Amino acid sequence: MSMGEMAQPGGGRVYGSGSGLSSGHEPANLGDILERVLDRGLVIAGDIRVNLLDIELLTIKLRLIIASVETARELGIDWWVNDPWLSSNHRELEEENRRLRDRVAELEAPRTESRRQVTAGPAQEAREEGRRSARRR
Amino acid sequence: MNLPPTSPADGGKGTEGMPGDRAAWVYAVARRIDESWLAGVAGVAGGPLRAVTAAGLAAAVTGVSLDDFGEEPLRRHLEDLSWLDATARRHHQVIEIIARHEPVIPMRLATVFDDDRGVAGLLTQRRDEFAAALGQIDGRTEWGIKIYAGSASDDQVSPGEDGADARETAASPGAAYLRRRKRAISADSDARLAASASADAIHAALARLAAAAQLRPPQAPQLSGQQERMVLNAAYLVDDARSEEFAAAADSLAGSHPAVRVTLTGPWPPYSFASADVPGSPPEGTRA
């Protein structure tokens with residue numbers, strides 16, 4: 001998705017020819033669309049009860065989701081491409097570190113610390129999400 | 001209203017798709033929907049779109065099968081990102097098309113009734129609420145502003161410290177590392193404060209030009225597709241007569257706050273202002 005495209009097909013005008021707005025007019029990406037159709041819009045309890053809680057959870061999940069690489073790429077989500085933490089060299093280094101940490105943990109105690117760290121990130125984000133969802137409307 | 005409506009009085013007609021597609025997926029409500037606007041547009045299940053009218057209102061619907069859109073199958077589908085992608089885009093597309101012609105109230109994704117009768121009942125029961133919401137959005141358009149903090153980088157460590165760093169590192173690498181880390185953290189938190197102040201100022205200025213404003217939780221990088229941290233995710237309901245002014249203001253504010261990156265999206269159907277209970281003007285007090 002290149003910058004400066006029309007936001008909506010046939011949606012009208014393009015403003016701000018790039019002086020201050022860094023990207024001029026962002027195209028409507030899937031993230032924006034999903035946020036709107038799931039998290040906004042009028043909520044009506046239809047006959048088919050999709051539990052509102054399910055939709056809330058889904059919305060939260062979407063914010064945390066790490067889609068499969070192919071899907072994410074199609075969606076224009078490619079933030080990991082330039083992320084040094086996820087580039088191959090770094091990954092080898094991390095793998096090496098992890099092996100060493102595991103080995104040390106194995107030698108020092110019967111429990112591994114590294115495993116717990118794996119879950120720390122998402123859980124923390126989820127907590128933040130919970131706080132944010134206490135927003136005012 | 002001006003095309004032959006599929007009214008519930010037709011006695012369960014309105015199964016233009018497969019015989020089992022009696023359930024109705026609702027996209028949006030407007031004062032009137034001309035089915036010719038939606039001719040050739042595929043609905044969520046690929047079926048044709050039609051208008052259900054009642055109480056002086058119209059709803060855009062598609063016939064869907066309960067095998068696919070019943071409670072349980074729907075829940076399963078919602079977990080499938082590629083299904084969700086296609087469905088969200090189609091849902092959005094229909095709403096967007098109607099919005100070009102008429103003020104429109106977008107429904108949240110997955111609003112499904114057993115049949116057209118249920119949809120007509122909805123229009124009748126909530127007629128006043130719809131009328132109030134339509135009155136609020138008439139002649140107005142939603143615009144989105146997202147503000148990203150520039151990533152705090154190494155160049156924020158002031159020059160002149162490098163020599164000291166080198167000496168410290170030689171003497172005590174661990175302590176020097178910790179000092180560098182501390183400086184980086186403090187520079188980062190300064191940058192956060194600055195970005196947040198910029199975002200506040202930009203939001204306040206834009207909210208003054210809008211009929212209503214809504215702040216939403218910032219998107220995570222995985223959703224925004226941006227590595228930078230989003231510090232503001234806002235929607236503004238702007239009088240169509242002030243669209244140019246609003247965009248120009250966003251442009252100029254972005255220029256005068258170089259610490260942050262500002263993006264404008266839209267025009268959007270009024271997703272963020274679809275409920276009658278959304279406070280209208282003035283938009284003060286919307287900052288969470």
# chains A, B, ... in the order shown; residues from 1 in each chain; ligands from 1
call {"tool": "closest_atom_pairs", "arguments": {"of": "chain B", "to": "chain A", "cutoff": "7 Å", "atoms": "only C-alpha atoms", "output": "CSV"}}
result
residue,atom,partner,partner_atom,distance
B:Gly70,CA,A:Ile48,CA,6.3
B:Glu71,CA,A:Ile48,CA,5.7
B:Arg75,CA,A:Val50,CA,6.9
B:Ala88,CA,A:Leu34,CA,6.3
B:Pro106,CA,A:Gly41,CA,5.1
B:Met107,CA,A:Leu42,CA,4.7
B:Arg108,CA,A:Gly41,CA,4.6
B:Leu109,CA,A:Val37,CA,5.3
B:Thr111,CA,A:Gly46,CA,5.5
B:Val112,CA,A:Gly46,CA,5.2
B:Phe113,CA,A:Asp47,CA,4.6
B:Asp114,CA,A:Asp47,CA,5.8
B:Pro217,CA,A:Arg132,CA,6.2
B:Gln219,CA,A:Arg63,CA,6.5
B:Ala220,CA,A:Arg63,CA,5.5
B:Gln222,CA,A:Arg63,CA,6.5
B:Leu223,CA,A:Gly31,CA,5.1
B:Ser224,CA,A:Gly31,CA,6.0
B:Gly225,CA,A:Ile77,CA,4.6
B:Gln226,CA,A:Trp79,CA,6.1
B:Gln227,CA,A:Trp79,CA,5.8
B:Ala247,CA,A:Tyr15,CA,6.2
B:Ala248,CA,A:Gly16,CA,6.4
B:Asp251,CA,A:Gly20,CA,4.9
B:Ser252,CA,A:Gly20,CA,5.9
B:Ala254,CA,A:Gly20,CA,4.8
B:Gly255,CA,A:Gly20,CA,3.9
B:Arg261,CA,A:Ser22,CA,5.9
B:Val262,CA,A:Leu21,CA,5.4
B:Thr263,CA,A:Leu21,CA,5.9
B:Leu264,CA,A:His25,CA,5.6
B:Thr265,CA,A:Glu26,CA,5.5
B:Gly266,CA,A:Ala7,CA,5.9
B:Pro267,CA,A:Gly11,CA,6.6
B:Tyr271,CA,A:Gly41,CA,4.5
B:Ser272,CA,A:Arg40,CA,5.4
B:Ala274,CA,A:Leu42,CA,5.4
B:Ser275,CA,A:Leu42,CA,5.7
B:Ala288,CA,A:Arg136,CA,5.9
call {"tool": "write_last_selection", "arguments": {"atoms": "N, CA, C and O atoms", "output": "compact mmCIF listing (two decimals), in the first residue's frame"}}
result
# COMPACT_ATOMS: atom_id res chain seq x y z
N GLY B 70 -25.39 -19.08 11.34
CA GLY B 70 -26.00 -19.32 12.64
C GLY B 70 -24.98 -19.04 13.73
O GLY B 70 -23.82 -18.75 13.45
N GLU B 71 -25.43 -19.15 14.94
CA GLU B 71 -24.60 -18.77 16.07
C GLU B 71 -23.23 -19.46 16.07
O GLU B 71 -22.20 -18.81 16.14
N ARG B 75 -19.52 -17.94 14.89
CA ARG B 75 -18.43 -17.80 15.86
C ARG B 75 -17.15 -18.42 15.32
O ARG B 75 -16.07 -17.86 15.45
N ALA B 88 -15.36 -8.48 6.29
CA ALA B 88 -15.26 -7.09 6.75
C ALA B 88 -15.21 -6.14 5.56
O ALA B 88 -15.85 -5.09 5.56
N PRO B 106 -24.05 2.67 10.06
CA PRO B 106 -23.44 1.35 9.86
C PRO B 106 -23.75 0.42 11.03
O PRO B 106 -23.74 0.85 12.18
N MET B 107 -24.05 -0.83 10.73
CA MET B 107 -24.24 -1.84 11.77
C MET B 107 -22.90 -2.50 12.06
O MET B 107 -22.08 -2.67 11.17
N ARG B 108 -22.76 -2.91 13.28
CA ARG B 108 -21.57 -3.69 13.60
C ARG B 108 -21.60 -5.00 12.80
O ARG B 108 -22.66 -5.52 12.50
N LEU B 109 -20.41 -5.48 12.48
CA LEU B 109 -20.29 -6.74 11.75
C LEU B 109 -21.06 -7.85 12.49
O LEU B 109 -21.04 -7.89 13.71
N THR B 111 -24.45 -8.62 12.39
CA THR B 111 -25.81 -8.36 12.86
C THR B 111 -26.74 -9.18 11.97
O THR B 111 -26.91 -8.86 10.79
N VAL B 112 -27.29 -10.26 12.51
CA VAL B 112 -28.04 -11.21 11.69
C VAL B 112 -29.42 -11.47 12.30
O VAL B 112 -29.53 -11.68 13.51
N PHE B 113 -30.45 -11.42 11.46
CA PHE B 113 -31.81 -11.74 11.89
C PHE B 113 -32.28 -13.02 11.21
O PHE B 113 -31.78 -13.38 10.15
N ASP B 114 -33.26 -13.67 11.83
CA ASP B 114 -33.76 -14.93 11.28
C ASP B 114 -34.38 -14.73 9.90
O ASP B 114 -34.29 -15.58 9.04
N PRO B 217 -8.87 3.38 21.51
CA PRO B 217 -7.56 2.90 21.96
C PRO B 217 -6.57 2.90 20.80
O PRO B 217 -6.94 2.53 19.69
N GLN B 219 -3.92 1.69 18.19
CA GLN B 219 -3.74 0.36 17.63
C GLN B 219 -2.34 -0.16 17.93
O GLN B 219 -1.38 0.60 17.89
N ALA B 220 -2.25 -1.45 18.19
CA ALA B 220 -0.95 -2.09 18.34
C ALA B 220 -0.26 -2.13 16.98
O ALA B 220 -0.93 -2.08 15.96
N GLN B 222 0.88 -4.45 15.35
CA GLN B 222 0.42 -5.56 14.50
C GLN B 222 -0.81 -5.17 13.70
O GLN B 222 -1.04 -5.67 12.61
N LEU B 223 -1.63 -4.30 14.25
CA LEU B 223 -2.84 -3.90 13.55
C LEU B 223 -2.59 -2.68 12.66
O LEU B 223 -3.07 -2.58 11.55
N SER B 224 -1.82 -1.74 13.18
CA SER B 224 -1.59 -0.52 12.41
C SER B 224 -0.62 -0.78 11.27
O SER B 224 -0.61 -0.06 10.29
N GLY B 225 0.20 -1.82 11.39
CA GLY B 225 1.18 -2.09 10.36
C GLY B 225 2.36 -1.13 10.42
O GLY B 225 3.20 -1.11 9.53
N GLN B 226 2.42 -0.34 11.49
CA GLN B 226 3.51 0.62 11.63
C GLN B 226 4.36 0.23 12.84
O GLN B 226 3.83 -0.22 13.84
N GLN B 227 5.64 0.42 12.72
CA GLN B 227 6.50 0.08 13.84
C GLN B 227 6.46 1.15 14.92
O GLN B 227 6.69 0.89 16.09
N ALA B 247 -9.07 19.26 6.76
CA ALA B 247 -7.88 18.62 6.19
C ALA B 247 -6.70 19.58 6.16
O ALA B 247 -5.55 19.20 6.45
N ALA B 248 -6.99 20.84 5.85
CA ALA B 248 -5.92 21.84 5.82
C ALA B 248 -5.35 22.04 7.22
O ALA B 248 -4.13 22.17 7.40
N ASP B 251 -3.17 19.15 8.14
CA ASP B 251 -1.92 19.28 7.41
C ASP B 251 -0.98 20.27 8.09
O ASP B 251 0.20 20.00 8.33
N SER B 252 -1.54 21.41 8.45
CA SER B 252 -0.70 22.45 9.02
C SER B 252 -0.28 22.08 10.45
O SER B 252 0.87 22.34 10.85
N ALA B 254 0.22 19.06 11.51
CA ALA B 254 1.26 18.05 11.34
C ALA B 254 2.60 18.72 11.07
O ALA B 254 3.63 18.29 11.60
N GLY B 255 2.55 19.78 10.27
CA GLY B 255 3.77 20.49 9.96
C GLY B 255 4.39 21.18 11.16
O GLY B 255 5.61 21.28 11.27
N ARG B 261 4.26 11.86 13.78
CA ARG B 261 3.81 11.65 12.42
C ARG B 261 2.29 11.55 12.45
O ARG B 261 1.72 10.81 13.25
N VAL B 262 1.66 12.34 11.60
CA VAL B 262 0.19 12.43 11.61
C VAL B 262 -0.36 11.86 10.31
O VAL B 262 0.13 12.19 9.24
N THR B 263 -1.32 10.97 10.42
CA THR B 263 -1.97 10.48 9.20
C THR B 263 -3.46 10.76 9.25
O THR B 263 -4.09 10.67 10.30
N LEU B 264 -3.98 11.09 8.09
CA LEU B 264 -5.42 11.36 7.95
C LEU B 264 -6.03 10.24 7.12
O LEU B 264 -5.50 9.90 6.07
N THR B 265 -7.12 9.64 7.60
CA THR B 265 -7.84 8.67 6.78
C THR B 265 -9.29 9.13 6.61
O THR B 265 -9.83 9.84 7.43
N GLY B 266 -9.87 8.68 5.53
CA GLY B 266 -11.24 9.04 5.26
C GLY B 266 -11.40 9.47 3.81
O GLY B 266 -10.43 9.43 3.07
N PRO B 267 -12.58 9.85 3.38
CA PRO B 267 -13.80 9.92 4.19
C PRO B 267 -14.33 8.54 4.58
O PRO B 267 -14.29 7.63 3.77
N TYR B 271 -18.95 5.41 11.20
CA TYR B 271 -18.90 4.25 12.11
C TYR B 271 -18.81 4.68 13.57
O TYR B 271 -19.39 4.06 14.44
N SER B 272 -18.05 5.72 13.82
CA SER B 272 -17.78 6.08 15.21
C SER B 272 -18.88 6.95 15.81
O SER B 272 -18.83 7.28 16.98
N ALA B 274 -22.35 6.34 15.11
CA ALA B 274 -23.56 5.69 14.63
C ALA B 274 -24.66 5.64 15.69
O ALA B 274 -25.82 5.49 15.36
N SER B 275 -24.27 5.73 16.94
CA SER B 275 -25.28 5.62 17.98
C SER B 275 -25.86 6.98 18.30
O SER B 275 -25.14 7.97 18.32
N ALA B 288 -9.83 10.94 26.72
CA ALA B 288 -9.91 9.96 27.80
C ALA B 288 -8.83 10.21 28.84
O ALA B 288 -7.77 10.71 28.51
call {"tool": "select_by_dssp", "arguments": {"residues": "region 141-275 of chain B", "states": "strand (DSSP E or B)", "output": "PyMOL selection string"}}
result
chain B and resi 141-149+212-216+229-239+260-268
call {"tool": "closest_residue", "arguments": {"among": "B:Arg89, B:Arg229, B:His101, B:Arg22", "to": "Gly139 (chain B)", "atoms": "only C-alpha atoms"}}
result
B:His101
call {"tool": "closest_residue", "arguments": {"among": "B:Arg140, B:Arg181, B:Arg216, B:Arg50", "to": "Gly63 (chain B)", "atoms": "only C-alpha atoms"}}
result
B:Arg50
call {"tool": "select_by_dssp", "arguments": {"residues": "region 64-247 of chain B", "states": "alpha helix (DSSP H)", "output": "PyMOL selection string"}}
result
chain B and resi 66-69+71-78+81-99+116-125+127-137+161-171+173-209+221-224+243-247
call {"tool": "atom_distance", "arguments": {"atom1": "CA of Arg100 (chain B)", "atom2": "CA of Thr53 (chain B)"}}
result
19.2 Å
call {"tool": "atom_distance", "arguments": {"atom1": "CA of Ala213 (chain B)", "atom2": "CA of Glu244 (chain B)"}}
result
17.2 Å
call {"tool": "atom_distance", "arguments": {"atom1": "CA of Ile185 (chain B)", "atom2": "CA of Ala105 (chain A)"}}
result
29.2 Å
call {"tool": "residues_around", "arguments": {"residues": "Pro48 (chain B)", "least_positions_apart": "6", "cutoff": "9 Å", "atoms": "only C-alpha atoms", "output": "list of chain:residue names"}}
result
B:Glu16, B:Gly17, B:Leu38, B:Ala39, B:Gly40, B:Val41, B:Ala42, B:Val61, B:Thr62, B:Gly63
call {"tool": "decode", "arguments": {"residues": "region 200-221 of chain B", "atoms": "N, CA, C and O atoms", "output": "CSV table (one decimal), in the first residue's frame"}}
result
chain,number,residue,atom,x,y,z
B,200,ASP,N,-2.0,15.8,22.1
B,200,ASP,CA,-3.1,16.5,22.8
B,200,ASP,C,-3.4,17.8,22.1
B,200,ASP,O,-4.6,18.2,21.9
B,201,ALA,N,-2.4,18.5,21.7
B,201,ALA,CA,-2.6,19.9,21.0
B,201,ALA,C,-3.3,19.7,19.7
B,201,ALA,O,-4.2,20.4,19.3
B,202,ILE,N,-2.9,18.7,18.9
B,202,ILE,CA,-3.4,18.5,17.6
B,202,ILE,C,-4.9,18.1,17.8
B,202,ILE,O,-5.8,18.6,17.1
B,203,HIS,N,-5.1,17.2,18.7
B,203,HIS,CA,-6.5,16.7,18.9
B,203,HIS,C,-7.4,17.9,19.3
B,203,HIS,O,-8.5,18.0,18.8
B,204,ALA,N,-7.0,18.7,20.2
B,204,ALA,CA,-7.8,19.8,20.7
B,204,ALA,C,-8.1,20.7,19.6
B,204,ALA,O,-9.3,21.2,19.4
B,205,ALA,N,-7.2,21.0,18.7
B,205,ALA,CA,-7.4,21.9,17.6
B,205,ALA,C,-8.4,21.3,16.6
B,205,ALA,O,-9.3,22.0,16.1
B,206,LEU,N,-8.2,20.0,16.3
B,206,LEU,CA,-9.1,19.4,15.3
B,206,LEU,C,-10.5,19.2,15.9
B,206,LEU,O,-11.5,19.4,15.1
B,207,ALA,N,-10.6,18.9,17.2
B,207,ALA,CA,-11.9,18.7,17.8
B,207,ALA,C,-12.8,20.0,17.7
B,207,ALA,O,-14.0,20.0,17.6
B,208,ARG,N,-12.1,21.2,17.7
B,208,ARG,CA,-12.8,22.4,17.6
B,208,ARG,C,-13.4,22.6,16.3
B,208,ARG,O,-14.4,23.3,16.1
B,209,LEU,N,-12.9,22.0,15.3
B,209,LEU,CA,-13.4,22.1,13.9
B,209,LEU,C,-14.5,21.0,13.6
B,209,LEU,O,-15.2,21.1,12.6
B,210,ALA,N,-14.7,20.1,14.6
B,210,ALA,CA,-15.6,19.0,14.3
B,210,ALA,C,-16.9,19.1,15.1
B,210,ALA,O,-16.9,19.8,16.1
B,211,ALA,N,-17.9,18.4,14.6
B,211,ALA,CA,-19.2,18.4,15.3
B,211,ALA,C,-19.1,17.5,16.5
B,211,ALA,O,-19.9,17.7,17.5
B,212,ALA,N,-18.3,16.5,16.4
B,212,ALA,CA,-18.1,15.5,17.5
B,212,ALA,C,-16.8,14.8,17.3
B,212,ALA,O,-16.3,14.8,16.1
B,213,ALA,N,-16.2,14.3,18.3
B,213,ALA,CA,-15.0,13.6,18.3
B,213,ALA,C,-15.0,12.4,19.2
B,213,ALA,O,-15.7,12.4,20.2
B,214,GLN,N,-14.3,11.4,18.8
B,214,GLN,CA,-14.2,10.1,19.5
B,214,GLN,C,-12.7,9.7,19.6
B,214,GLN,O,-12.0,9.6,18.6
B,215,LEU,N,-12.3,9.4,20.8
B,215,LEU,CA,-11.0,8.8,21.0
B,215,LEU,C,-11.1,7.3,21.1
B,215,LEU,O,-11.9,6.8,21.9
B,216,ARG,N,-10.3,6.6,20.4
B,216,ARG,CA,-10.3,5.1,20.5
B,216,ARG,C,-8.9,4.6,21.0
B,216,ARG,O,-7.9,5.4,21.0
B,217,PRO,N,-8.9,3.4,21.5
B,217,PRO,CA,-7.6,2.9,22.0
B,217,PRO,C,-6.6,2.9,20.8
B,217,PRO,O,-6.9,2.5,19.7
B,218,PRO,N,-5.3,3.3,21.0
B,218,PRO,CA,-4.3,3.3,20.0
B,218,PRO,C,-4.2,1.8,19.5
B,218,PRO,O,-4.3,0.9,20.2
B,219,GLN,N,-3.9,1.7,18.2
B,219,GLN,CA,-3.7,0.4,17.6
B,219,GLN,C,-2.3,-0.2,17.9
B,219,GLN,O,-1.4,0.6,17.9
B,220,ALA,N,-2.3,-1.5,18.2
B,220,ALA,CA,-0.9,-2.1,18.3
B,220,ALA,C,-0.3,-2.1,17.0
B,220,ALA,O,-0.9,-2.1,16.0
B,221,PRO,N,1.1,-2.2,17.0
B,221,PRO,CA,1.8,-2.2,15.7
B,221,PRO,C,1.3,-3.3,14.8
B,221,PRO,O,1.3,-3.2,13.6
